[in-house]
Amino acid sequence: MSSPVKSKGARPKTKAGSDTAAEPAGEPVKPARAGGNILIVGVGGQGVLMIAKVVALLAQKQGYQVKQSEVHGMAKRGGIVFSHVRYGPEVWSPTIVKGEADALIALEWAEGLRWLDHLKHEGVFIADTRRIVPPFACRSRKAGAPINYAKETPADIVSRVADGFALDASTIAEGFGDARAANTVLLGVLSASLAYPEADWLEVIEASVPPKSRDINRNAFAAGREWALAARANPTLRFDSSITSYEAPAGLLQPKITLEINAAWCKGCDICVKLCPERCLALNAEQVAVLKSPDACTGCHICEWLCPDFAISIRTSHPEPVTA
Amino acid sequence: MNVQPKTVDAGSRKRKLLPLMGNEAIARAAWEAGVKVASAYPGTPSTEILESLAKYPAADIDAEWAVNEKVSVDIAIGAALEGVRAMASMKHVGLNVAADSIMSQSYIGAHGGLVVIVCDDPGIHSSQNEQDTRLFSRFANIPVLEPSDAQEAYEMTKLAFDISEEFDTPVIVRSTTRLSHTRSVVAVGERVTPKPKGFVDSSTKTVTIPANARRLHPKVIEREAKLAAYLETSPLTRWEKGDPKFGIVTGSISYLYVKEVVPNASILKLGASHPLPGETIRAFAKSVDRLLVVEELEPVLEKEIKAMGIACEGKAFFPRLGELSPELVRAGLAKAGLIEAAPPARAIDIEPMARPPVLCPGCPHTSTYVALRGLETRVAGDIGCYTLAAVEPLKSMDTAVCMGASIANAVGMWKAGTEKKPIVATIGDSTFLHSGIPPLIDAVYNKANITIVILDNGITAMTGGQDHPGTGKTLRGAPTFKVDYETMCRAAGVEWVRKIDPYEVGRLYQTLREAIVHKGVAVVIASRPCVLDPVKIKGTPLTIAKDGCIACQSCMNLGCPSLTWADEMHEGRHKIKIDETSCIGCTLCAQVCPTDCIQPVTP
């Protein structure tokens with residue numbers, strides 16, 4: 001078991017990765033004076049910056065030079081958010097070099113996977129298993145189309161990294177009354193990897209959250225820390241083994257969709273054209289509705305139902321979903 | 001010259017230490033330097049400078065949001081000519097808006113002290129381009145200081161005012177996104193209150209009629225030479241002796257990346273990149289076997305050093321596009337054969353799905369773009385959160401050029417005479433006030449047949465929620481006159497103006513149809529407050545009755561991040577579910593749902 005504070009230099013060497021042999025698992029190593037690189041990632045609105053602030057304040061409290069770097073700007077709600085925290089006796093670059101992060105903390109599962117290449121070989125990986133699946137994940141809406149969320153499960157990843165922890169921090173936090181305290185649960189997990197006094201952690205956390213949510217955050221931190229200490233002692237607890245697959249239900253058969261428009265009955269009112277979710281209908285030169293992109297039609301029947309002239313009929317030979 | 005910075009080491013142990021973002025450090029320095037007037041228009045990554053300044057006492061500093069960057073610089077110029085220290089801050093593209101003023105002010109000088117903070121955005125995190133402000137400093141012939149970290153941002157901003165007064169020149173302090181938004185500990189000092197100098201009573205200097213301008217221009221050239229001489233000996237120019245095998249000329253944040261990769265190299269750090277200290281560069285070049293230039297974006301230093309007849313290498317090894325990083329500096333030095341290449345990074349064969357930024361749940365701009373797509377319009381867009389409507393699933397914006405371009409772009413599209421679709425310009429409230437009013441007047445004056453939608457969410461949202469003349473509040477929160485868009489449009493000669501609530505989807509469609517049919521300029525003001533600022537709006541969330549959902553996915557065309565794919569299926573298609581923690585209950589999805597299965601959560 002290696003610790004994020006185990007790296008020999010605050011700054012990566014010119015020739016990186018020369019001393020990266022992972023150590024056997026055990027209890028947290030005492031902090032060296034060397035410093036560390038902590039990368040915190042998640043989705044807009046989850047509280048990435050709050051964790052970064054806590055880690056930065058904590059490092060500052062230990063007498064380190066600290067740089068905390070993030071990029072604000074574009075409407076980040078629902079977008080990717082990340083923060084680099086670097087500390088040590090002397091810190092130059094505000095950003096963490098790829099492959100040099102001592103710890104990667106992910107507030108959302110797929111975001112943790114996205115940044116995995118930034119983690120050191122012996123670095124600590126801490127992730128909430130909660131998924132936030134964006135509308136973008138399903139580009140094709142046809143029957144049987146897969147959701148392109150990452151397929152790797154917590155078990156896959158924890159077995160691939162040297163020191164991984166994957167827990168449903170959001171549910172733990174919900175138990176204390178606010179799912180948003182999931183970030184503090186993850187701080188509790190991190191605290192078990194960095195041997196700084198628990199009192200220091202609690203002090204900086206309390207200084208970083210609104211007074212009314214101090215109790216929730218104190219409980220969330222304690223729960224995360226307790227979980228991590230138990231998981232260190234018993235590696236089978238390091239990931240949620242109930243999650244066996246992130247794959248979309250497989251084996252769905254493409255239904256055959258037949259859309260027919262009775263041109264004689266269509267008066268060109270445009271309702272179907274405007275209301276088709278896939279925008280696959282159009283009016284032709286004679287002001288009659290036609291199916292312009294049959295490939296996009298999902299057979300949802302909206303045009304059929306809304307047509308005031310009963311001019312559209314859809315027949316779907318839909319096989320029952322074959323669930324895995 | 002007696003302009004010397006108080007270096008960090010000088011008594012830093014006694015100085016107060018504060019964890020400051022680059023932008024906050026600049027604000028602190030401005031306050032300490034005794035700036036009397038500070039003005040800005042918000043723009044990422046510069047916004048926090050003025051927001052931080054507003055936290056200092058109003059008696060010390062008059063900090064205000066200007067309606068645009070040119071106005072902010074003109075205000076700062078007026079104050080400087082009155083003999084007090086003045087500052088304007090902006091993002092790189094804001095400098096284009098303010099360019100006219102700065103180009104002339106370079107001739108006039110600074111009198112009380114005039115500093116322009118410009119934050120560049122290498123890597124285009126939140127901008128429309130990645131122009132390099134160092135090129136502008138040469139164009140305007142004014143010095144540009146380039147701090148590397150928050151401490152230097154603080155030191156150099158203070159020094160910039162001394163230089164400005166001493167050399168009678170506006171001074172640019174150039175930050176970048178990475179510096180502006182990195183927090184580190186800064187040793188700060190005490191505030192000084194410079195004695196006001198009084199108005200610069202010399203019309204031959206302050207009125208740029210041709211006769212005066214011809215006299216002023218040679219002084220600008222003289223000033224350049226004096227500044228270059230000053231920079232030869234100033235601590236802004238720092239020679240770090242090291243391995244003589246190769247030497248690196250660098251500055252700004254690039255310096256940090258160089259130190260990260262080759263901490264013991266010979267480095268010439270240029271704290272000011274214009275004008276260049278030629279003699280020092282020549283001597284440095286002689287002291288090393290090989291000279292390299294590490295600079296973000298354009299090969300500005302490289303070209304000028306080569307023009308001095310000094311051999312150097314730069315863009316052959318380092319990219320001209322995007323942000324630099326320790327990785328890129330290391331790769332470049334390795335490509336030059338000076339250090340070993342980094343071992344390949346951990347290979348991960350995982351590709352999580354794309355997660356592009358999206359409009360917020362309940363964003364009042366959403367429905368307008370859904371309707372504009374449905375109405376098959378040609379949409380000239382503008383700069384703001386709503387520029388995200390250019391991508392799927394809203395995908396209804398055809399152009400976005402720069403601040404305030406939409407209305408005039410639409411006029412041009414109409415004049416071209418070939419467009420079959422109805423032409424619509426969409427512009428946010430803050431952007432409309434920034435630079436949308438002259439083109440509105442132009443559209444009426446030239447009898448254009450276009451529709452203009454003013455997306456009025458009552459705030460400058462994109463940059464994090466700043467007040468503007470349409471909010472009725474100043475930077476410090478004091479009540480003030482609130483612009484009325486309808487009155488303003490009518491005064492410009494617009495006869496057809498309608499104000500609507502974009503949450504009423506049916507009426508929105510109807511109004512847009514009428515506007516498109518109207519011959520001449522039609523203005524639709526879609527008013528509904530931003531869901532984040534000034535107050536976070538949170539209503540009863542909605543939920544989907546699973547039995548009712550027929551997986552038609554009409555609601556997914558809103559692109560609302562609260563709507564996600566459920567694991568349940570209907571006829572093989574994914575049903576939808578609503579994330580109740582983020583849903584604010586705007587009801588847009590319920591309004592487009594054909595089966596009425598979206599209902600408020602019952603407690």
# chains A, B, ... in the order shown; residues from 1 in each chain; ligands from 1
call {"tool": "residues_around", "arguments": {"residues": "Ile205 (chain A)", "least_positions_apart": "3", "cutoff": "8 Å", "atoms": "only C-alpha atoms", "output": "PyMOL selection string"}}
result
chain A and resi 54+201-202+208-209+217-218
call {"tool": "select_by_dssp", "arguments": {"residues": "region 91-311 of chain A", "states": "strand (DSSP E)", "output": "compact mmCIF listing (two decimals) with N, CA, C and O atoms, in the first residue's frame"}}
result
# COMPACT_ATOMS: atom_id res chain seq x y z
N ALA A 101 -0.17 12.23 -10.59
CA ALA A 101 -1.10 12.51 -9.49
C ALA A 101 -0.96 11.43 -8.42
O ALA A 101 -0.98 10.24 -8.73
N ASP A 102 -0.79 11.86 -7.18
CA ASP A 102 -0.68 10.91 -6.08
C ASP A 102 -2.05 10.38 -5.69
O ASP A 102 -2.18 9.27 -5.19
N ALA A 103 -3.07 11.21 -5.90
CA ALA A 103 -4.43 10.76 -5.62
C ALA A 103 -5.37 11.34 -6.64
O ALA A 103 -5.22 12.49 -7.06
N LEU A 104 -6.33 10.53 -7.07
CA LEU A 104 -7.37 10.99 -7.99
C LEU A 104 -8.70 10.78 -7.28
O LEU A 104 -9.03 9.66 -6.90
N ILE A 105 -9.42 11.87 -7.06
CA ILE A 105 -10.71 11.78 -6.37
C ILE A 105 -11.80 12.12 -7.37
O ILE A 105 -11.81 13.22 -7.91
N ALA A 106 -12.69 11.15 -7.62
CA ALA A 106 -13.72 11.36 -8.63
C ALA A 106 -15.09 11.38 -7.96
O ALA A 106 -15.47 10.43 -7.29
N LEU A 119 -3.13 9.51 -13.05
CA LEU A 119 -2.76 8.91 -11.78
C LEU A 119 -1.41 8.20 -11.88
O LEU A 119 -1.13 7.52 -12.86
N LYS A 120 -0.60 8.36 -10.83
CA LYS A 120 0.66 7.62 -10.73
C LYS A 120 0.37 6.12 -10.67
O LYS A 120 -0.70 5.73 -10.21
N HIS A 121 1.35 5.32 -11.03
CA HIS A 121 1.12 3.88 -10.98
C HIS A 121 0.73 3.42 -9.59
O HIS A 121 -0.13 2.57 -9.42
N GLU A 122 1.35 4.02 -8.56
CA GLU A 122 1.04 3.57 -7.20
C GLU A 122 0.07 4.52 -6.50
O GLU A 122 -0.11 4.47 -5.29
N GLY A 123 -0.56 5.41 -7.28
CA GLY A 123 -1.43 6.42 -6.69
C GLY A 123 -2.75 5.85 -6.16
O GLY A 123 -3.16 4.74 -6.49
N VAL A 124 -3.43 6.69 -5.35
CA VAL A 124 -4.71 6.28 -4.77
C VAL A 124 -5.86 6.74 -5.67
O VAL A 124 -5.90 7.90 -6.08
N PHE A 125 -6.78 5.83 -5.94
CA PHE A 125 -7.95 6.15 -6.75
C PHE A 125 -9.17 6.07 -5.84
O PHE A 125 -9.43 5.04 -5.23
N ILE A 126 -9.91 7.18 -5.72
CA ILE A 126 -11.10 7.21 -4.85
C ILE A 126 -12.26 7.72 -5.69
O ILE A 126 -12.19 8.82 -6.24
N ALA A 127 -13.32 6.91 -5.79
CA ALA A 127 -14.43 7.34 -6.65
C ALA A 127 -15.79 7.00 -6.07
O ALA A 127 -15.97 5.96 -5.43
N ASP A 128 -16.73 7.92 -6.31
CA ASP A 128 -18.13 7.64 -6.04
C ASP A 128 -18.64 6.79 -7.21
O ASP A 128 -18.37 7.11 -8.37
N ASP A 163 -4.13 1.13 -5.75
CA ASP A 163 -4.74 1.44 -4.46
C ASP A 163 -6.10 2.10 -4.71
O ASP A 163 -6.23 3.32 -4.65
N GLY A 164 -7.10 1.28 -5.00
CA GLY A 164 -8.39 1.84 -5.41
C GLY A 164 -9.49 1.69 -4.38
O GLY A 164 -9.54 0.71 -3.63
N PHE A 165 -10.36 2.69 -4.34
CA PHE A 165 -11.54 2.66 -3.47
C PHE A 165 -12.74 3.15 -4.27
O PHE A 165 -12.70 4.23 -4.84
N ALA A 166 -13.81 2.35 -4.32
CA ALA A 166 -15.01 2.77 -5.04
C ALA A 166 -16.21 2.53 -4.15
O ALA A 166 -16.46 1.40 -3.74
N LEU A 167 -16.91 3.61 -3.82
CA LEU A 167 -18.04 3.45 -2.89
C LEU A 167 -19.20 4.32 -3.36
O LEU A 167 -19.01 5.29 -4.09
N LYS A 256 -38.89 -3.64 -36.84
CA LYS A 256 -39.08 -3.16 -38.21
C LYS A 256 -40.21 -2.13 -38.16
O LYS A 256 -41.31 -2.43 -37.69
N ILE A 257 -39.92 -0.90 -38.59
CA ILE A 257 -40.92 0.16 -38.50
C ILE A 257 -41.41 0.51 -39.90
O ILE A 257 -40.61 0.75 -40.80
N THR A 258 -42.71 0.50 -40.06
CA THR A 258 -43.29 0.91 -41.35
C THR A 258 -44.19 2.11 -41.11
O THR A 258 -45.15 2.02 -40.35
N LEU A 259 -43.85 3.25 -41.73
CA LEU A 259 -44.66 4.45 -41.58
C LEU A 259 -45.30 4.76 -42.92
O LEU A 259 -44.61 4.91 -43.92
N GLU A 260 -46.62 4.81 -42.91
CA GLU A 260 -47.31 5.09 -44.17
C GLU A 260 -48.11 6.38 -44.04
O GLU A 260 -48.76 6.61 -43.03
N ILE A 261 -48.03 7.22 -45.08
CA ILE A 261 -48.81 8.46 -45.09
C ILE A 261 -49.79 8.40 -46.25
O ILE A 261 -49.38 8.21 -47.40
N LEU A 281 -39.80 14.04 -40.43
CA LEU A 281 -40.85 14.26 -41.43
C LEU A 281 -40.66 15.63 -42.08
O LEU A 281 -40.03 16.52 -41.50
N ALA A 282 -41.24 15.80 -43.27
CA ALA A 282 -41.17 17.10 -43.95
C ALA A 282 -42.37 17.22 -44.87
O ALA A 282 -43.02 16.21 -45.19
N LEU A 283 -42.66 18.44 -45.27
CA LEU A 283 -43.71 18.63 -46.29
C LEU A 283 -43.04 18.67 -47.65
O LEU A 283 -42.00 19.32 -47.82
N ALA A 289 -47.15 15.58 -46.22
CA ALA A 289 -46.10 15.08 -45.33
C ALA A 289 -45.44 13.84 -45.91
O ALA A 289 -46.13 12.95 -46.43
N VAL A 290 -44.10 13.83 -45.84
CA VAL A 290 -43.35 12.63 -46.27
C VAL A 290 -42.30 12.31 -45.21
O VAL A 290 -41.86 13.18 -44.46
N LEU A 291 -41.92 11.04 -45.17
CA LEU A 291 -40.87 10.61 -44.26
C LEU A 291 -39.53 10.88 -44.95
O LEU A 291 -39.16 10.17 -45.87
call {"tool": "atom_distance", "arguments": {"atom1": "CA of Gly472 (chain B)", "atom2": "CA of Leu508 (chain B)"}}
result
25.9 Å
call {"tool": "residues_around", "arguments": {"residues": "Val144 (chain B)", "least_positions_apart": "5", "cutoff": "8 Å", "atoms": "only C-alpha atoms", "output": "compact mmCIF listing (two decimals) with all heavy atoms, in the first residue's frame"}}
result
# COMPACT_ATOMS: atom_id res chain seq x y z
N ARG B 134 0.38 40.11 -26.25
CA ARG B 134 1.75 40.65 -26.41
C ARG B 134 1.90 41.33 -27.77
O ARG B 134 2.63 42.30 -27.91
CB ARG B 134 2.77 39.53 -26.25
CG ARG B 134 2.76 38.92 -24.85
CD ARG B 134 3.72 37.77 -24.75
NE ARG B 134 3.44 36.76 -25.75
CZ ARG B 134 4.31 35.85 -26.16
NH1 ARG B 134 5.54 35.83 -25.67
NH2 ARG B 134 3.98 34.95 -27.07
N SER B 137 0.53 44.87 -27.52
CA SER B 137 1.39 45.84 -26.82
C SER B 137 2.38 46.46 -27.79
O SER B 137 2.73 47.63 -27.69
CB SER B 137 2.12 45.16 -25.66
OG SER B 137 3.14 44.31 -26.14
N VAL B 171 0.10 51.03 -19.16
CA VAL B 171 0.84 49.77 -19.03
C VAL B 171 -0.16 48.63 -19.05
O VAL B 171 -1.20 48.70 -18.40
CB VAL B 171 1.66 49.73 -17.72
CG1 VAL B 171 2.37 48.38 -17.57
CG2 VAL B 171 2.68 50.85 -17.67
N ILE B 172 0.16 47.58 -19.81
CA ILE B 172 -0.68 46.37 -19.80
C ILE B 172 -0.04 45.37 -18.85
O ILE B 172 1.16 45.13 -18.90
CB ILE B 172 -0.80 45.75 -21.20
CG1 ILE B 172 -1.58 46.68 -22.14
CG2 ILE B 172 -1.46 44.38 -21.14
CD1 ILE B 172 -1.69 46.17 -23.57
N VAL B 173 -0.84 44.80 -17.96
CA VAL B 173 -0.41 43.63 -17.21
C VAL B 173 -1.17 42.46 -17.82
O VAL B 173 -2.40 42.46 -17.85
CB VAL B 173 -0.71 43.75 -15.70
CG1 VAL B 173 -0.33 42.46 -14.97
CG2 VAL B 173 0.03 44.94 -15.11
N ARG B 174 -0.42 41.47 -18.33
CA ARG B 174 -1.07 40.36 -19.03
C ARG B 174 -1.07 39.12 -18.15
O ARG B 174 -0.04 38.62 -17.74
CB ARG B 174 -0.31 40.06 -20.33
CG ARG B 174 -0.82 38.82 -21.06
CD ARG B 174 0.07 38.52 -22.26
NE ARG B 174 -0.39 37.39 -23.03
CZ ARG B 174 0.20 36.20 -23.02
NH1 ARG B 174 1.26 35.96 -22.28
NH2 ARG B 174 -0.27 35.21 -23.77
N ALA B 272 8.85 41.64 -18.38
CA ALA B 272 8.16 42.51 -19.34
C ALA B 272 8.61 42.06 -20.72
O ALA B 272 9.80 41.96 -20.98
CB ALA B 272 8.53 43.96 -19.11
N SER B 273 7.67 41.78 -21.61
CA SER B 273 8.07 41.27 -22.91
C SER B 273 8.05 42.35 -24.00
O SER B 273 8.35 42.09 -25.15
CB SER B 273 7.21 40.09 -23.32
OG SER B 273 5.94 40.54 -23.68
N HIS B 274 7.67 43.57 -23.64
CA HIS B 274 7.81 44.68 -24.57
C HIS B 274 8.05 45.95 -23.78
O HIS B 274 7.31 46.23 -22.85
CB HIS B 274 6.57 44.86 -25.44
CG HIS B 274 6.72 46.00 -26.41
ND1 HIS B 274 7.50 45.92 -27.54
CD2 HIS B 274 6.24 47.28 -26.38
CE1 HIS B 274 7.46 47.08 -28.18
NE2 HIS B 274 6.72 47.92 -27.49
N PRO B 275 9.05 46.77 -24.12
CA PRO B 275 10.07 46.46 -25.14
C PRO B 275 11.11 45.49 -24.60
O PRO B 275 11.24 45.34 -23.40
CB PRO B 275 10.69 47.83 -25.42
CG PRO B 275 10.45 48.63 -24.19
CD PRO B 275 9.23 48.10 -23.53
call {"tool": "residues_around", "arguments": {"residues": "Asp117 (chain A)", "least_positions_apart": "4", "cutoff": "9 Å", "atoms": "only C-alpha atoms", "output": "list in words"}}
result
Lys98, Gly99 and Leu113 of chain A; Ala345, Arg346, Ala347 and Ile348 of chain B
call {"tool": "write_last_selection", "arguments": {"atoms": "N, CA and C atoms", "output": "PDB file, in the first residue's frame"}}
result
ATOM      1  N   LYS A  98       0.604  14.616 -16.348  1.00  0.00           N
ATOM      2  CA  LYS A  98      -0.049  13.327 -16.592  1.00  0.00           C
ATOM      3  C   LYS A  98       0.811  12.206 -15.998  1.00  0.00           C
ATOM      4  N   GLY A  99       0.179  11.338 -15.237  1.00  0.00           N
ATOM      5  CA  GLY A  99       0.921  10.235 -14.636  1.00  0.00           C
ATOM      6  C   GLY A  99       1.621  10.587 -13.339  1.00  0.00           C
ATOM      7  N   LEU A 113     -12.761   7.645 -14.523  1.00  0.00           N
ATOM      8  CA  LEU A 113     -12.133   6.856 -15.595  1.00  0.00           C
ATOM      9  C   LEU A 113     -11.455   7.779 -16.609  1.00  0.00           C
TER      10      LEU A 113
ATOM     11  N   ALA B 345       3.015   7.669 -20.830  1.00  0.00           N
ATOM     12  CA  ALA B 345       2.080   7.679 -19.712  1.00  0.00           C
ATOM     13  C   ALA B 345       1.298   6.369 -19.684  1.00  0.00           C
ATOM     14  N   ARG B 346       0.657   6.116 -18.539  1.00  0.00           N
ATOM     15  CA  ARG B 346      -0.185   4.933 -18.377  1.00  0.00           C
ATOM     16  C   ARG B 346      -1.179   4.844 -19.533  1.00  0.00           C
ATOM     17  N   ALA B 347      -1.159   3.740 -20.202  1.00  0.00           N
ATOM     18  CA  ALA B 347      -2.104   3.588 -21.304  1.00  0.00           C
ATOM     19  C   ALA B 347      -3.440   3.143 -20.729  1.00  0.00           C
ATOM     20  N   ILE B 348      -4.486   3.906 -20.990  1.00  0.00           N
ATOM     21  CA  ILE B 348      -5.795   3.436 -20.541  1.00  0.00           C
ATOM     22  C   ILE B 348      -6.681   3.263 -21.761  1.00  0.00           C
TER      23      ILE B 348
END
call {"tool": "closest_residue", "arguments": {"among": "A:Ser241, A:Gln68, A:Asn183, A:Ser213", "to": "chain B", "atoms": "only C-alpha atoms"}}
result
A:Gln68
call {"tool": "residues_around", "arguments": {"residues": "Lys91 (chain B)", "least_positions_apart": "5", "cutoff": "7 Å", "atoms": "only C-alpha atoms", "output": "list in words"}}
result
Gly43, Thr44, Pro45, Ser46, Val118, Cys119 and Asp120 of chain B
call {"tool": "residues_around", "arguments": {"residues": "Ser254 (chain B)", "least_positions_apart": "4", "cutoff": "7 Å", "atoms": "only C-alpha atoms", "output": "ChimeraX atom specification"}}
result
/B:250,258,294-296,324
call {"tool": "write_last_selection", "arguments": {"atoms": "all heavy atoms", "output": "short mmCIF file (atom, residue, chain, number, x, y, z; two decimals), in the first residue's frame"}}
result
data_model
loop_
_atom_site.label_atom_id
_atom_site.label_comp_id
_atom_site.auth_asym_id
_atom_site.auth_seq_id
_atom_site.Cartn_x
_atom_site.Cartn_y
_atom_site.Cartn_z
N THR B 250 12.23 33.00 -21.43
CA THR B 250 10.82 32.70 -21.19
C THR B 250 10.21 33.77 -20.30
O THR B 250 10.89 34.71 -19.87
CB THR B 250 10.65 31.28 -20.60
OG1 THR B 250 9.26 30.95 -20.55
CG2 THR B 250 11.23 31.18 -19.21
N VAL B 258 8.86 25.68 -17.34
CA VAL B 258 10.29 25.45 -17.57
C VAL B 258 10.96 25.04 -16.26
O VAL B 258 11.73 24.07 -16.22
CB VAL B 258 10.94 26.73 -18.16
CG1 VAL B 258 12.46 26.61 -18.15
CG2 VAL B 258 10.44 26.98 -19.58
N VAL B 294 10.89 29.69 -24.90
CA VAL B 294 9.68 28.95 -24.54
C VAL B 294 8.59 29.98 -24.25
O VAL B 294 8.66 30.72 -23.27
CB VAL B 294 9.90 28.03 -23.32
CG1 VAL B 294 8.60 27.31 -22.97
CG2 VAL B 294 11.00 27.02 -23.60
N GLU B 295 7.62 30.08 -25.14
CA GLU B 295 6.54 31.05 -24.97
C GLU B 295 5.23 30.42 -25.42
O GLU B 295 5.19 29.66 -26.37
CB GLU B 295 6.82 32.35 -25.74
CG GLU B 295 7.09 32.14 -27.22
CD GLU B 295 7.61 33.40 -27.92
OE1 GLU B 295 7.17 34.50 -27.57
OE2 GLU B 295 8.44 33.25 -28.84
N GLU B 296 4.14 30.76 -24.70
CA GLU B 296 2.81 30.26 -25.03
C GLU B 296 2.30 31.06 -26.23
O GLU B 296 2.57 32.26 -26.32
CB GLU B 296 1.89 30.47 -23.82
CG GLU B 296 0.94 29.34 -23.54
CD GLU B 296 0.32 29.44 -22.14
OE1 GLU B 296 0.02 30.55 -21.67
OE2 GLU B 296 0.14 28.40 -21.52
N LEU B 324 0.45 25.88 -22.91
CA LEU B 324 1.63 25.06 -22.65
C LEU B 324 1.37 24.25 -21.38
O LEU B 324 0.42 24.48 -20.65
CB LEU B 324 2.87 25.93 -22.48
CG LEU B 324 3.59 26.38 -23.75
CD1 LEU B 324 4.86 27.13 -23.38
CD2 LEU B 324 3.94 25.21 -24.65
#
call {"tool": "closest_residue", "arguments": {"among": "A:Pro294, A:Pro146, A:Pro308, A:Gly36", "to": "chain B", "atoms": "only C-alpha atoms"}}
result
A:Pro146
call {"tool": "residues_around", "arguments": {"residues": "Tyr230 (chain B)", "least_positions_apart": "3", "cutoff": "12 Å", "atoms": "only C-alpha atoms", "output": "list of chain:residue names"}}
result
B:Met1, B:Asn2, B:Val3, B:Gln4, B:Pro143, B:Ile163, B:Glu166, B:Phe167, B:Arg223, B:Glu224, B:Ala225, B:Lys226, B:Leu227, B:Thr233, B:Ser234, B:Pro235, B:Leu236, B:Thr237, B:Ala272, B:His274, B:Pro275, B:Leu276, B:Pro277, B:Gly278, B:Glu279, B:Thr280
call {"tool": "select_by_dssp", "arguments": {"residues": "region 31-267 of chain A", "states": "helix (DSSP H, G or I)", "output": "PyMOL selection string"}}
result
chain A and resi 48-61+109-114+116-118+135-137+154-160+169-175+179-191+198-208+211-233+235-237
call {"tool": "closest_residue", "arguments": {"among": "B:Pro541, B:Pro343, B:Pro479, B:Gly123", "to": "Val71 (chain A)", "atoms": "only C-alpha atoms"}}
result
B:Gly123
